[in-house]
Each structure stands twice: as C-alpha cells, then as structure tokens.
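Trainee: Questions regarding the structure given below will be posed in turn.
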Amino acid sequence: MIVWLKDKIETWKAHRKLAKQVDPHNLKRLAQEIRDLAILASQLNPRDRDMRQLIRNVLVEMERLSDLTERPEFKRLSTGKRLLLRQGLKQSREQLLESIESAPSPTETLQ
C-alpha cells in the first residue's frame, strides 16, 4: 500500500513538473529572455550584416510567439508540441549565449 502511494505521489510530481515546463506563461517568459539576449547580441556585433538579419528574424519570431501564447488556441496544443517548442527555445537561448560569448572585444586594450 505504501509503495503504491509513493508511486502515485512520484507520478503526480512528474506531471506537475511537466505542466509547469509547458505552461504558456513560462514559454512567453523564455521567449522574452531570448528576445533580450538577441538585442544584446545585436549590440555586440553591430557591423555583421548576416548576424543583424538573423537577430532581426529572432526578434520577429519571439514577438509572434509571445502573441501566440496569449491566445486560447495555444493552450489546446498538445503537451508534446509545447515540449518540443520549449526545447527549441532552450537551444536558441544556448546558441545566443554562445554567440555573445564569442563576440569580439569592443576594444584592443586589455582591461
């Protein structure tokens, strides 16, 4: 009986964790964070034309995603699709962080 109850509690915890991950508000927050990172990346690489175009695309897509998360039909998306969206957003965030870290120094002088 105790083992059954423990399994039920663990299942419930896993379900709540997954629900929190794919919550539209959390996805919107992640999209806004990516948008902020894209703005920062554009400030670090102002001369690179290809990078500016990529960043502009990211900004547009994150704005669209923020708008979509507020619509009722977004909540009807399956958990699997929202989980895939979250994984894609996390990968985009990691790529932006890598591009920010690899940006050239703004000055030649060592600090």
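Every chain in the structure tokens takes a letter, A first, then B, and so on in the order presented; its residues are numbered from 1, and the ligands are numbered from 1 following the presented order.
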Please list as a ChimeraX atom specification every residue within 10 Å of Arg56 (chain A), counting only C-alpha atoms and excluding residues in the same chain fewer than 6 positions away.

Mentor: /A:35,38-39,42,50,62

Trainee: Could you please take those selected residues and save N, CA and C atoms as a PDB file, in the first residue's frame?

Mentor:
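Produced file selection-v4.pdb, reproduced below:
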ATOM      1  N   ARG A  35      14.532  37.175 -26.641  1.00  0.00           N
ATOM      2  CA  ARG A  35      14.481  38.466 -27.324  1.00  0.00           C
ATOM      3  C   ARG A  35      15.499  39.425 -26.710  1.00  0.00           C
ATOM      4  N   ALA A  38      18.922  38.462 -27.819  1.00  0.00           N
ATOM      5  CA  ALA A  38      19.134  38.836 -29.218  1.00  0.00           C
ATOM      6  C   ALA A  38      19.472  40.324 -29.332  1.00  0.00           C
ATOM      7  N   ILE A  39      18.809  41.138 -28.548  1.00  0.00           N
ATOM      8  CA  ILE A  39      19.123  42.579 -28.552  1.00  0.00           C
ATOM      9  C   ILE A  39      20.548  42.804 -28.079  1.00  0.00           C
ATOM     10  N   SER A  42      22.943  41.834 -30.796  1.00  0.00           N
ATOM     11  CA  SER A  42      23.000  42.824 -31.880  1.00  0.00           C
ATOM     12  C   SER A  42      23.864  44.018 -31.486  1.00  0.00           C
ATOM     13  N   ASP A  50      25.010  39.685 -41.683  1.00  0.00           N
ATOM     14  CA  ASP A  50      24.298  38.406 -41.546  1.00  0.00           C
ATOM     15  C   ASP A  50      23.760  38.222 -40.130  1.00  0.00           C
ATOM     16  N   MET A  62      10.134  35.870 -31.850  1.00  0.00           N
ATOM     17  CA  MET A  62       9.844  35.892 -30.411  1.00  0.00           C
ATOM     18  C   MET A  62       8.624  36.770 -30.116  1.00  0.00           C
TER      19      MET A  62
END

Trainee: Identify which of the residues A:Ile9, A:Leu97, A:Arg16, A:Gln21 lies closest to Leu83 (chain A), counting only C-alpha atoms when measuring atom-to-atom distances.

Mentor: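 Ranked by minimum distance to Leu83 (chain A), first place goes to A:Gln21.
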
Trainee: Expressed in Å to a single decimal, how great is the separation between CA of Asn45 (chain A) and CA of Arg93 (chain A)?

Mentor: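 Rounded to one decimal, the two atoms are 16.9 Å apart.
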
Trainee: Using only C-alpha atoms, which residue out of A:Lys13, A:Leu37, A:Val3, A:Val60 lies closest to Gln95 (chain A)?

Mentor: A:Leu37

Trainee: For CA of His25 (chain A) and CA of Leu89 (chain A), quote the distance in Å rounded to one decimal.

Mentor: 13.7 Å

Trainee: To test your reading of the structure, identify every residue in chain A that backbone DSSP assigns to alpha helix (DSSP H), and report it as a PyMOL selection string.

Mentor: chain A and resi 2-21+24-44+49-69+72-75+79-101

Trainee: For Pro24 (chain A), find every residue with an atom within 10 Å (counting only C-alpha atoms), except residues of its own chain fewer than 2 positions away, and show them as a PyMOL selection string.

Mentor: chain A and resi 19-22+26-30+65-66+68-71+74-75+82

Trainee: Dump N, CA and C atoms for the selected residues as an mmCIF file, in the first residue's frame?

Mentor:
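Output contents, as saved in selection_9.cif:
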data_model
loop_
_atom_site.group_PDB
_atom_site.id
_atom_site.type_symbol
_atom_site.label_atom_id
_atom_site.label_comp_id
_atom_site.auth_asym_id
_atom_site.auth_seq_id
_atom_site.Cartn_x
_atom_site.Cartn_y
_atom_site.Cartn_z
ATOM 1 N N ALA A 19 3.866 19.986 -16.534
ATOM 2 C CA ALA A 19 2.859 21.026 -16.758
ATOM 3 C C ALA A 19 3.463 22.415 -16.562
ATOM 4 N N LYS A 20 4.345 22.549 -15.595
ATOM 5 C CA LYS A 20 4.987 23.843 -15.349
ATOM 6 C C LYS A 20 5.923 24.206 -16.500
ATOM 7 N N GLN A 21 6.617 23.213 -17.052
ATOM 8 C CA GLN A 21 7.548 23.469 -18.142
ATOM 9 C C GLN A 21 6.845 23.951 -19.402
ATOM 10 N N VAL A 22 5.674 23.424 -19.690
ATOM 11 C CA VAL A 22 4.978 23.762 -20.937
ATOM 12 C C VAL A 22 3.864 24.781 -20.720
ATOM 13 N N ASN A 26 5.313 30.448 -18.906
ATOM 14 C CA ASN A 26 6.743 30.144 -18.862
ATOM 15 C C ASN A 26 7.365 30.195 -20.256
ATOM 16 N N LEU A 27 6.626 29.742 -21.259
ATOM 17 C CA LEU A 27 7.136 29.819 -22.629
ATOM 18 C C LEU A 27 7.249 31.272 -23.076
ATOM 19 N N LYS A 28 6.299 32.094 -22.677
ATOM 20 C CA LYS A 28 6.357 33.516 -23.021
ATOM 21 C C LYS A 28 7.552 34.181 -22.344
ATOM 22 N N ARG A 29 7.805 33.829 -21.081
ATOM 23 C CA ARG A 29 8.946 34.375 -20.361
ATOM 24 C C ARG A 29 10.261 33.976 -21.030
ATOM 25 N N LEU A 30 10.335 32.732 -21.481
ATOM 26 C CA LEU A 30 11.529 32.248 -22.168
ATOM 27 C C LEU A 30 11.709 32.976 -23.501
ATOM 28 N N LEU A 65 5.685 34.638 -31.097
ATOM 29 C CA LEU A 65 5.462 33.602 -30.104
ATOM 30 C C LEU A 65 4.828 34.176 -28.837
ATOM 31 N N SER A 66 5.276 35.350 -28.418
ATOM 32 C CA SER A 66 4.671 35.988 -27.249
ATOM 33 C C SER A 66 3.187 36.262 -27.486
ATOM 34 N N LEU A 68 1.273 34.585 -29.618
ATOM 35 C CA LEU A 68 0.581 33.297 -29.708
ATOM 36 C C LEU A 68 0.298 32.676 -28.342
ATOM 37 N N THR A 69 1.194 32.863 -27.399
ATOM 38 C CA THR A 69 0.994 32.253 -26.085
ATOM 39 C C THR A 69 -0.208 32.847 -25.358
ATOM 40 N N GLU A 70 -0.630 34.015 -25.751
ATOM 41 C CA GLU A 70 -1.782 34.651 -25.108
ATOM 42 C C GLU A 70 -3.109 34.198 -25.711
ATOM 43 N N ARG A 71 -3.070 33.519 -26.835
ATOM 44 C CA ARG A 71 -4.300 33.081 -27.489
ATOM 45 C C ARG A 71 -4.805 31.770 -26.896
ATOM 46 N N PHE A 74 -3.525 28.331 -28.291
ATOM 47 C CA PHE A 74 -2.201 27.859 -27.892
ATOM 48 C C PHE A 74 -2.321 26.833 -26.763
ATOM 49 N N LYS A 75 -3.272 27.051 -25.877
ATOM 50 C CA LYS A 75 -3.468 26.131 -24.758
ATOM 51 C C LYS A 75 -3.986 24.776 -25.223
ATOM 52 N N ARG A 82 4.219 21.458 -27.275
ATOM 53 C CA ARG A 82 4.716 22.547 -26.428
ATOM 54 C C ARG A 82 6.078 22.196 -25.835
#

Trainee: Write out as a list in words each polymer residue whose atoms come within 12 Å of Gln43 (chain A), counting only C-alpha atoms; drop sequence neighbours fewer than 3 positions from it.

Mentor: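 With the cut-off at 12 Å, the set is Asp36, Leu37, Ala38, Ile39, Leu40, Pro46, Arg47, Asp48, Met51, Arg52, Ile55, Ser99, Ile100, Ala103, Pro104, Ser105 and Pro106 of chain A.
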